[in-house]
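*Asks:* There's a structure below that I have some questions on.
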Protein chains: 2
Amino acid sequence: MSAPACLRAYLHYVDISTCLHGATGIASRSSAHPGIGGFRIFTRQRCRNLHHSIRLNQARLVNGNKLAILDQFKSSLAFPERSFEIADIPNLYESGQSEKETVLHGYLGARHDMSKKLTFAPLFGPNLTDKIQIISSINASREADRSAHEKLRSLRPHTPVAVKGLLRRRPESGSKGVVTDAKSARTLQDFEFVLRDIQSLNDFPTDIVMTQSTEFPPSQRHLQIRTSKYLHQALVLRNEITKILRTELNDRFSFVEIETPLLFKSTSEGAREFIVPTRRKNMAYSLPQSPQQFKQILMATPISKYFQFAKCFRDEDLRADRQPEFAQLDLEMSFAQGKEVMKVVESLICTLFYNTLGLGVDDIPPKFPRLTYEEAMSRYGSDKPDLRNPIRPFTRIDILLPADLISKITPLKDPLIEAMVVPLKTSPNEARHFISNFLDSPEHTSFLENPDGGPGIFVYDSSKPLQGLSAFKFEAVEQIESNIDLEDGHLIVLQARKKGPSSGGSTPLGELRTSIHRAAVDQLYLEPIDWRDFRPLWVIDFPLFKSHDYSEPGQGGNAGLASTHHPFTSPKTTEDVDLLLKDPTKATADHYDLVINGEEIGGGSRRIHHAAMQEFVFRDILKMEDDRINEFSHLLEALRAGCPPHAGIALGLDRLVAMICSSKFETKMSLRDVIAFPKSGRGEDLMMKSPGPISDEVLKTYHLKLSD
Amino acid sequence: MSAPACLRAYLHYVDISTCLHGATGIASRSSAHPGIGGFRIFTRQRCRNLHHSIRLNQARLVNGNKLAILDQFKSSLAFPERSFEIADIPNLYESGQSEKETVLHGYLGARHDMSKKLTFAPLFGPNLTDKIQIISSINASREADRSAHEKLRSLRPHTPVAVKGLLRRRPESGSKGVVTDAKSARTLQDFEFVLRDIQSLNDFPTDIVMTQSTEFPPSQRHLQIRTSKYLHQALVLRNEITKILRTELNDRFSFVEIETPLLFKSTSEGAREFIVPTRRKNMAYSLPQSPQQFKQILMATPISKYFQFAKCFRDEDLRADRQPEFAQLDLEMSFAQGKEVMKVVESLICTLFYNTLGLGVDDIPPKFPRLTYEEAMSRYGSDKPDLRNPIRPFTRIDILLPADLISKITPLKDPLIEAMVVPLKTSPNEARHFISNFLDSPEHTSFLENPDGGPGIFVYDSSKPLQGLSAFKFEAVEQIESNIDLEDGHLIVLQARKKGPSSGGSTPLGELRTSIHRAAVDQLYLEPIDWRDFRPLWVIDFPLFKSHDYSEPGQGGNAGLASTHHPFTSPKTTEDVDLLLKDPTKATADHYDLVINGEEIGGGSRRIHHAAMQEFVFRDILKMEDDRINEFSHLLEALRAGCPPHAGIALGLDRLVAMICSSKFETKMSLRDVIAFPKSGRGEDLMMKSPGPISDEVLKTYHLKLSD
């Protein structure tokens with residue numbers, strides 16, 4: 001076997017002919033992403049096996065066939081520069097172009113051999129979105145054409161190539177060969193490329209087999225991005241989004257983008273931080289959970305409006321919608337209170353949604369509604385209510401209900417009972433069937449196991465006595481009907497909870513609202529949600545402190561209290577300041593969350609700008625020890641130096657991008673779909689295989705060793 | 001003592017009356033940065049002491065005077081929103097404005113009390129660049145004015161305030177009170193503000209004392225940024241620079257900005273990496289030294305033009321011009337060779353310098369000169385030559401010199417002797433004096449201690465026999481004079497070195513060129529360098545490999561070789577590929593460095609795009625073990641999947657910004673001057689006090705403990 005032939009065997013040794021790429025892939029793909037043919041790959045296990053055997057094989061052959069490898073590399077080392085990008089052909093094509101030799105670069109598509117002497121093949125531009133037709137035919141008088149023709153027919157689809165040939169206008173169909181020259185009307189389809197020479201710039205191996213509409217495992221992220229309908233577009237749109245936000249902040253609002261350090265030190269802000277050991281024994285940096293302290297320090301400088309697309313890190317047990325590293329749009333303004341920050345953010349969000357999704361003021365009015373935390377909890381059972389959900393706000397009805405009904409619903413002595421109406425569009429019978437299936441489903445057992453009592457659910461049915469609500473007794477039914485529009489098939493859901501101020505992010509009834517809505521939409525009893533429906537709101541007036549669970553990393557205080565947002569958050573009013581001495585848990589914060597469609601997109605607050613006040617909160621409210629307080633001495637120093645009042649916010653960029661991409665592509669895009677190289681639920685990069693093992697030698701550099 | 005009085009004592013207890021801020025600070029400050037008065041602060045030691053005693057005092061008083069602290073905070077909690085920014089007054093002032101109450105925010109400047117009843121005080125906008133004059137007078141009929149007047153007179157300069165009052169046009173001097181209304185001609189100086197009310201938004205403490213033109217220690221970075229003539233402007237200009245670069249890359253060249261992960265894994269690229277332990281025993285992330293591998297993987301996706309302002313990390317022993325974390329503009333293009341990347345970068349750099357510094361094509365022509373590495377080393381003795389240096393390229397003259405002269409210059413048997421002419425503009429006597437002082441200076445002893453021989457230096461002097469060059473003998477002098485323009489006072493410097501290819505970044509003669517030039521400029525024997533003179537060039541054709549020093553972290557190979565750039569760099573030509581089998585040290589890389597004014601601003605290369613070839617370099621050239629090669633399996637997989645040829649570059653953003661700022665402000669700006677929160681030479685953030693100690697408890701979370 002000659003060296004080059006052997007090399008080809010190495011590259012192509014797995015010939016799975018049943019999966020071989022056909023010539024029909026392209027026509028049926030979505031026009032939104034005219035990729036090269038369709039794709040299919042193995043299960044993850046199979047991939048691993050293949051990968052493994054390839055690597056062994058490769059090692060063996062490298063040792064035996066260096067020359068062959070060098071030769072193949074050399075064949076793609078020099079290649080002609082392109083005349084222009086395929087995408088630019090309609091703009092840059094000039095009369096006379098068809099007489100000149102043109103060079104194009106791109107990926108070969110699936111070939112159509114019309115006869116021995118005639119082949120068509122599409123050539124896709126480097127970003128796979130643009131396409132031009134290559135025509136190759138054997139011309140008796142030109143030896144070069146024959147050679148090019150044969151080379152073309154030897155190459156697999158997906159091969160990166162440089163082609164030389166003649167670019168020309170294509171006669172319009174039905175126009176008898178007449179070519180119009182209206183530049184404005186030109187599209188890529190008006191052109192074709194007559195092949196004179198073709199150079200393969202790399203092989204596309206046979207063991208990567210692609211069929212339509214299948215997915216690659218995360219270890220093959222490059223193939224995911226290459227073949228997925230939307231990943232590539234999402235990355236491009238992400239860049240567009242940051243561009244719009246930057247332009248607005250810089251040019252409209254005169255913010256300055258400032259980069260803050262990522263090698264920081266551990267302070268007690270809330271989440272667990274990653275540490276970065278140094279070669280000085282027992283000294284470490286930490287990775288910041290946010291640039292909070294840096295941006296506040298900037299407020300004591302002439303940088304009065306700061307922003308940054310900041311990388312942040314949290315060493316937390318990951319949930320599906322969290323990444324250990326994430327991006328946030330972080331901003332801060334001096335001489336400002338919360339309301340001024342909210343005004344800037346409203347403008348940013350509107351401009352962003354208008355420009356990326358073609359929405360307007362009728363779709364998203366420029367001033368967002370505001371709900372206090374208490375209102376949000378009592379009306380929607382959530383501090384991030386989804387206002388698109390057609391299930392109306394809850395009503396408190398415990399005073400109306402007969403005692404025996406209450407005792408059936410809850411074991412609580414003096415409960416608060418809230419009612420929610422689910423306006424199902426169906427018959428009472430189907431509604432009963434729906435809700436009984438819903439509650440029987442294993443994923444919903446938690447609703448029934450609530451220690452405060454499960455939900456009491458009634459179906460409004462005008463064919464029944466007291467419309468099916470006889471357990472309510474006549475007076476209550478009359479009251480309810482006069483206050484709430486009810487129709488046949490509507491559900492009335494009662495849920496008890498303890499009286500007193502809300503705590504946490506949601507109530508059982510709030511969760512039921514979300515779950516029932518999702519199930520009802522699935523079964524077409526409620527309208528599906530429009531991808532272009534956005535309902536931003538501000539949730540404001542959060543409590544300044546909440547009780548602290550010591551099993552979680554916290555702010556290092558001993559008061560059994562933790563800041564709801566972070567310890568730098570300012571009380572809202574002078575009354576709230578006074579409450580700090582009487583009952584800090586009753587104090588309200590100047591803290592605002594931006595919620596869109598049930599997702600928390602951002603959280604911000606006015607900060608304490610006064611050093612003694614900040615120290616008072618650390619020492620007297622949170623009961624932090626001197627050591628802990630000293631961790632913040634840089635911040636106290638900056639506040640002390642005549643720092644003006646300031647307020648800011650951080651918006652979760654990944655989530656915002658995922659939301660816009662989902663709307664644009666009308667399909668649910670996750671955080672991982674809008675990050676080029678995301679981490680798995682376990683914090684692993686499955687492509688890069690990070691994290692990786694640490695050697696004792698490396699640990700030693702940092703004066704560390706593994707504990708037992 | 002009443003509570004508020006006690007609080008004031010706490011805030012002001014250090015009364016250093018000799019340093020008290022005077023009323024004369026502003027007039028004499030540079031117009032480039034009209035800050036509030038001048039500033040002065042203690043030595044670092046004194047600061048620490050002060051800081052310490054303040055903190056103790058504070059702790060004591062917090063415990064005794066909570067109410068006073070809360071009251072003071074409450075007094076600045078609510079404040080009126082500003083009508084507009086001071087900077088916007090000339091644009092937004094409308095007729096009728098002077099009848100309305102206007103609210104402004106800013107910092108109070110030094111007060112001028114003209115009489116008991118009349119005070120002037122400037123008000124500076126939040127970014128300290130804009131200023132309006134406040135007029136406060138007691139009006140017998142208005143009690144409010146009296147109260148405001150007294151409040152104003154109680155406040156220290158630098159206090160952040162909100163003021164209410166009447167904004168009005170100022171009569172032009174000499175125009176007898178006539179006010180013109182040509183909007184275009186308005187500046188802030190045409191306005192004045194009649195005070196009606198003033199609210200202090202924070203105290204400015206007496207122990208922070210500012211006098212003119214002094215510096216704060218790094219622990220007081222916020223005060224450095226506030227008072228330094230250029231730090232604030234440098235941060236603003238840095239934002240402007242990234243904006244220009246982003247716009248060019250996005251809009252002109254269709255690059256897509258992609259964020260790549262910072263939690264990566266350790267691979268052997270060259271520098272020592274920081275590790276980030278995880279809670280999975282013995283597993284760690286590492287912080288990337290560059291996004292190199294991620295961007296190459298992107299080249300196997302439809303992202304064909306990638307860029308990113310990337311944060312990079314190196315755990316190296318720091319030099320003055322290095323930071324452990326730094327920013328680079330990272331870019332990569334598929335279907336491209338080095339020359340296409342160079343073209344994009346030339347355009348970027350020109351646009352940047354033209355737009356930020358007002359330069360044009362006459363100042364920086366759009367195509368940069370290219371020097372091969374060998375040319376740079378033999379002509380300038382440096383792989384990053386400063387072309388502004390008037391000392392002309394070196395000449396090799398060993399063939400001309402008499403043997404006895406050679407033997408005096410060097411102990412080497414068969415040396416290469418290079419000559420450099422320093423065109424001092426002075427008399428031969430002064431030149432002799434200059435060079436003898438230069439060589440006697442302790443910092444230059446290394447030149448004399450060179451084991452290949454010290455420099456032989458001659459002064460051209462037409463009053464002497466053979467013009468002072470008699471050691472050269474007649475024939476050599478004749479030859480030299482016919483080839484080189486020499487004038488009285490010029491130095492001819494001879495330096496020997498070993499024959500053979502260059503290695504490393506500079507030769508002794510190259511270093512001498514830089515040092516003599518600096519010294520000669522200092523003493524006015526050479527023209528000072530123009531701040532607006534920029535001489536970019538490309539140094540190309542570096543050797544692909546260099547010999548490897550095992551004491552440094554390397555690429556994990558055992559061949560005694562290391563890649564000059566990184567192991568992904570492509571050989572330049574097919575001949576260089578062939579050399580890999582014969583003598584890899586002779587192979588040239590498609591590697592290009594962008595050098596401006598003697599500084600390496602960027603380094604890039606074409607990459608190996610072919611998996612088998614990349615593995616060959618790992619295994620057969622660098623002799624890496626399988627384990628090491630497997631660290632790169634993700635990259636090999638991506639290359640194997642039909643990855644097109646690609647090339648890229650990384651530009652050091654911090655250095656580029658420092659260069660532009662130095663030119664703009666006509667003063668040397670260091671890397672630290674263009675980073676908001678820089679690290680010291682020991683890698684410490686002296687403000688934040690990072691890195692900080694790690695507790696055993698935290699280490700335990702990561703299954704680690706300190707080694708003995």
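Ligands are numbered from 1 in the order shown, residues from 1 within each chain, and chains are lettered A, B, ... in the order they appear in the structure tokens.
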If we count only C-alpha atoms and set the cut-off at 12 Å, which residues sit around segment 665-668 of chain A, ignoring sequence neighbours fewer than 3 positions away in its own chain? Please answer as a list in words.

*Replies:*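 Near neighbours after the sequence-gap exclusion: Ala32, His33, Lys229, Tyr230, Leu231, His232, Gln233, Ala234, Leu237, Thr356, Leu357, Ile529, Asp530, Trp531, Arg532, Asp533, Arg655, Val657, Ala658, Met659, Ile660, Cys661, Ser662, Leu671, Arg672, Asp673 and Val674 of chain A.
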
*Asks:* Restricting the calculation to only C-alpha atoms, which member of A:Gly642, A:Pro567, A:Pro160, A:Gly338 is positioned closest to Ser76 of chain A?

*Replies:* A:Pro160

*Asks:* What's the 7 Å shell around Gly652 of chain A, counting only C-alpha atoms, without same-chain residues fewer than 2 positions away, as a PDB file with all heavy atoms, in the first residue's frame?

*Replies:*
ATOM      1  N   ALA A 327     -22.843  35.439  32.504  1.00  0.00           N
ATOM      2  CA  ALA A 327     -22.590  36.824  32.095  1.00  0.00           C
ATOM      3  C   ALA A 327     -23.714  37.707  32.599  1.00  0.00           C
ATOM      4  O   ALA A 327     -24.878  37.331  32.520  1.00  0.00           O
ATOM      5  CB  ALA A 327     -22.502  36.902  30.579  1.00  0.00           C
ATOM      6  N   GLN A 328     -23.363  38.850  33.129  1.00  0.00           N
ATOM      7  CA  GLN A 328     -24.427  39.797  33.459  1.00  0.00           C
ATOM      8  C   GLN A 328     -24.077  41.193  32.969  1.00  0.00           C
ATOM      9  O   GLN A 328     -22.916  41.570  32.880  1.00  0.00           O
ATOM     10  CB  GLN A 328     -24.748  39.783  34.948  1.00  0.00           C
ATOM     11  CG  GLN A 328     -23.687  40.335  35.874  1.00  0.00           C
ATOM     12  CD  GLN A 328     -24.057  40.170  37.359  1.00  0.00           C
ATOM     13  OE1 GLN A 328     -24.749  39.219  37.739  1.00  0.00           O
ATOM     14  NE2 GLN A 328     -23.611  41.070  38.188  1.00  0.00           N
ATOM     15  N   LEU A 329     -25.128  41.904  32.595  1.00  0.00           N
ATOM     16  CA  LEU A 329     -24.962  43.315  32.276  1.00  0.00           C
ATOM     17  C   LEU A 329     -25.135  44.062  33.586  1.00  0.00           C
ATOM     18  O   LEU A 329     -26.224  44.099  34.152  1.00  0.00           O
ATOM     19  CB  LEU A 329     -26.003  43.771  31.252  1.00  0.00           C
ATOM     20  CG  LEU A 329     -26.055  45.286  31.040  1.00  0.00           C
ATOM     21  CD1 LEU A 329     -24.698  45.846  30.663  1.00  0.00           C
ATOM     22  CD2 LEU A 329     -27.074  45.644  29.977  1.00  0.00           C
ATOM     23  N   ILE A 601     -35.188  38.562  35.267  1.00  0.00           N
ATOM     24  CA  ILE A 601     -34.154  38.950  34.303  1.00  0.00           C
ATOM     25  C   ILE A 601     -33.090  39.813  34.979  1.00  0.00           C
ATOM     26  O   ILE A 601     -31.944  39.836  34.561  1.00  0.00           O
ATOM     27  CB  ILE A 601     -34.802  39.705  33.117  1.00  0.00           C
ATOM     28  CG1 ILE A 601     -35.670  38.746  32.303  1.00  0.00           C
ATOM     29  CG2 ILE A 601     -33.781  40.384  32.237  1.00  0.00           C
ATOM     30  CD1 ILE A 601     -34.904  37.620  31.638  1.00  0.00           C
ATOM     31  N   GLY A 602     -33.487  40.501  36.030  1.00  0.00           N
ATOM     32  CA  GLY A 602     -32.484  41.331  36.687  1.00  0.00           C
ATOM     33  C   GLY A 602     -32.894  41.678  38.103  1.00  0.00           C
ATOM     34  O   GLY A 602     -34.075  41.594  38.458  1.00  0.00           O
ATOM     35  N   ALA A 650     -28.204  44.466  37.992  1.00  0.00           N
ATOM     36  CA  ALA A 650     -27.508  43.498  37.145  1.00  0.00           C
ATOM     37  C   ALA A 650     -28.563  42.712  36.380  1.00  0.00           C
ATOM     38  O   ALA A 650     -29.515  42.211  36.987  1.00  0.00           O
ATOM     39  CB  ALA A 650     -26.655  42.564  37.992  1.00  0.00           C
ATOM     40  N   ASP A 654     -27.389  35.913  29.862  1.00  0.00           N
ATOM     41  CA  ASP A 654     -27.675  34.624  29.237  1.00  0.00           C
ATOM     42  C   ASP A 654     -29.190  34.410  29.129  1.00  0.00           C
ATOM     43  O   ASP A 654     -29.708  33.983  28.104  1.00  0.00           O
ATOM     44  CB  ASP A 654     -27.030  33.500  30.049  1.00  0.00           C
ATOM     45  CG  ASP A 654     -25.520  33.704  30.224  1.00  0.00           C
ATOM     46  OD1 ASP A 654     -24.864  34.071  29.239  1.00  0.00           O
ATOM     47  OD2 ASP A 654     -25.003  33.521  31.340  1.00  0.00           O
ATOM     48  N   ARG A 655     -29.875  34.720  30.227  1.00  0.00           N
ATOM     49  CA  ARG A 655     -31.323  34.503  30.249  1.00  0.00           C
ATOM     50  C   ARG A 655     -32.058  35.436  29.290  1.00  0.00           C
ATOM     51  O   ARG A 655     -33.001  35.039  28.605  1.00  0.00           O
ATOM     52  CB  ARG A 655     -31.819  34.697  31.682  1.00  0.00           C
ATOM     53  CG  ARG A 655     -33.137  34.032  31.934  1.00  0.00           C
ATOM     54  CD  ARG A 655     -33.399  33.854  33.409  1.00  0.00           C
ATOM     55  NE  ARG A 655     -32.524  32.851  33.990  1.00  0.00           N
ATOM     56  CZ  ARG A 655     -32.447  32.609  35.311  1.00  0.00           C
ATOM     57  NH1 ARG A 655     -33.172  33.319  36.145  1.00  0.00           N
ATOM     58  NH2 ARG A 655     -31.639  31.681  35.758  1.00  0.00           N
ATOM     59  N   LEU A 656     -31.594  36.685  29.245  1.00  0.00           N
ATOM     60  CA  LEU A 656     -32.203  37.660  28.338  1.00  0.00           C
ATOM     61  C   LEU A 656     -32.023  37.222  26.884  1.00  0.00           C
ATOM     62  O   LEU A 656     -32.951  37.284  26.068  1.00  0.00           O
ATOM     63  CB  LEU A 656     -31.535  39.023  28.585  1.00  0.00           C
ATOM     64  CG  LEU A 656     -32.144  40.277  27.980  1.00  0.00           C
ATOM     65  CD1 LEU A 656     -33.583  40.446  28.425  1.00  0.00           C
ATOM     66  CD2 LEU A 656     -31.319  41.503  28.397  1.00  0.00           C
TER      67      LEU A 656
END

*Asks:* Residues of segment 240-472 of chain A classed as helix (DSSP H, G or I) by DSSP on the backbone are to be reported as a ChimeraX atom specification.

*Replies:* /A:240-252,292-298,338-357,373-380,403-409,428-440,442-448,465-468,470-472

*Asks:* Please provide as a PyMOL selection string all residues within 12 Å of Ala559 of chain B, with the sequence filter that same-chain residues fewer than 5 positions apart are discarded (counting only C-alpha atoms).

*Replies:* chain B and resi 545-550+554+584-585+617-625

*Asks:* Could you write out the selected residues, including C-alpha atoms, as a PDB file, in the first residue's frame?

*Replies:*
ATOM      1  CA  PHE B 545      10.613  25.915  17.543  1.00  0.00           C
ATOM      2  CA  LYS B 546      13.172  27.037  20.051  1.00  0.00           C
ATOM      3  CA  SER B 547      15.158  25.056  22.565  1.00  0.00           C
ATOM      4  CA  HIS B 548      13.247  24.531  25.790  1.00  0.00           C
ATOM      5  CA  ASP B 549      14.367  25.402  29.283  1.00  0.00           C
ATOM      6  CA  TYR B 550      12.904  22.705  31.540  1.00  0.00           C
ATOM      7  CA  GLY B 554       6.305  24.342  28.980  1.00  0.00           C
ATOM      8  CA  PRO B 584      12.725  21.156  12.967  1.00  0.00           C
ATOM      9  CA  THR B 585      14.772  23.999  14.483  1.00  0.00           C
ATOM     10  CA  VAL B 617       3.784  17.882  15.855  1.00  0.00           C
ATOM     11  CA  PHE B 618       2.678  16.893  19.366  1.00  0.00           C
ATOM     12  CA  ARG B 619       4.033  13.375  19.162  1.00  0.00           C
ATOM     13  CA  ASP B 620       6.975  13.404  16.773  1.00  0.00           C
ATOM     14  CA  ILE B 621       8.392  16.888  17.094  1.00  0.00           C
ATOM     15  CA  LEU B 622       7.619  17.899  20.672  1.00  0.00           C
ATOM     16  CA  LYS B 623       7.719  14.250  21.885  1.00  0.00           C
ATOM     17  CA  MET B 624       4.662  14.686  24.031  1.00  0.00           C
ATOM     18  CA  GLU B 625       3.351  11.635  25.903  1.00  0.00           C
TER      19      GLU B 625
END

*Asks:* With distances taken over only C-alpha atoms, which of A:Leu387, A:Ile349, A:Val698, A:Leu561 is nearest to chain B?

*Replies:*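 Checking each candidate against chain B, we get A:Val698 as the closest.
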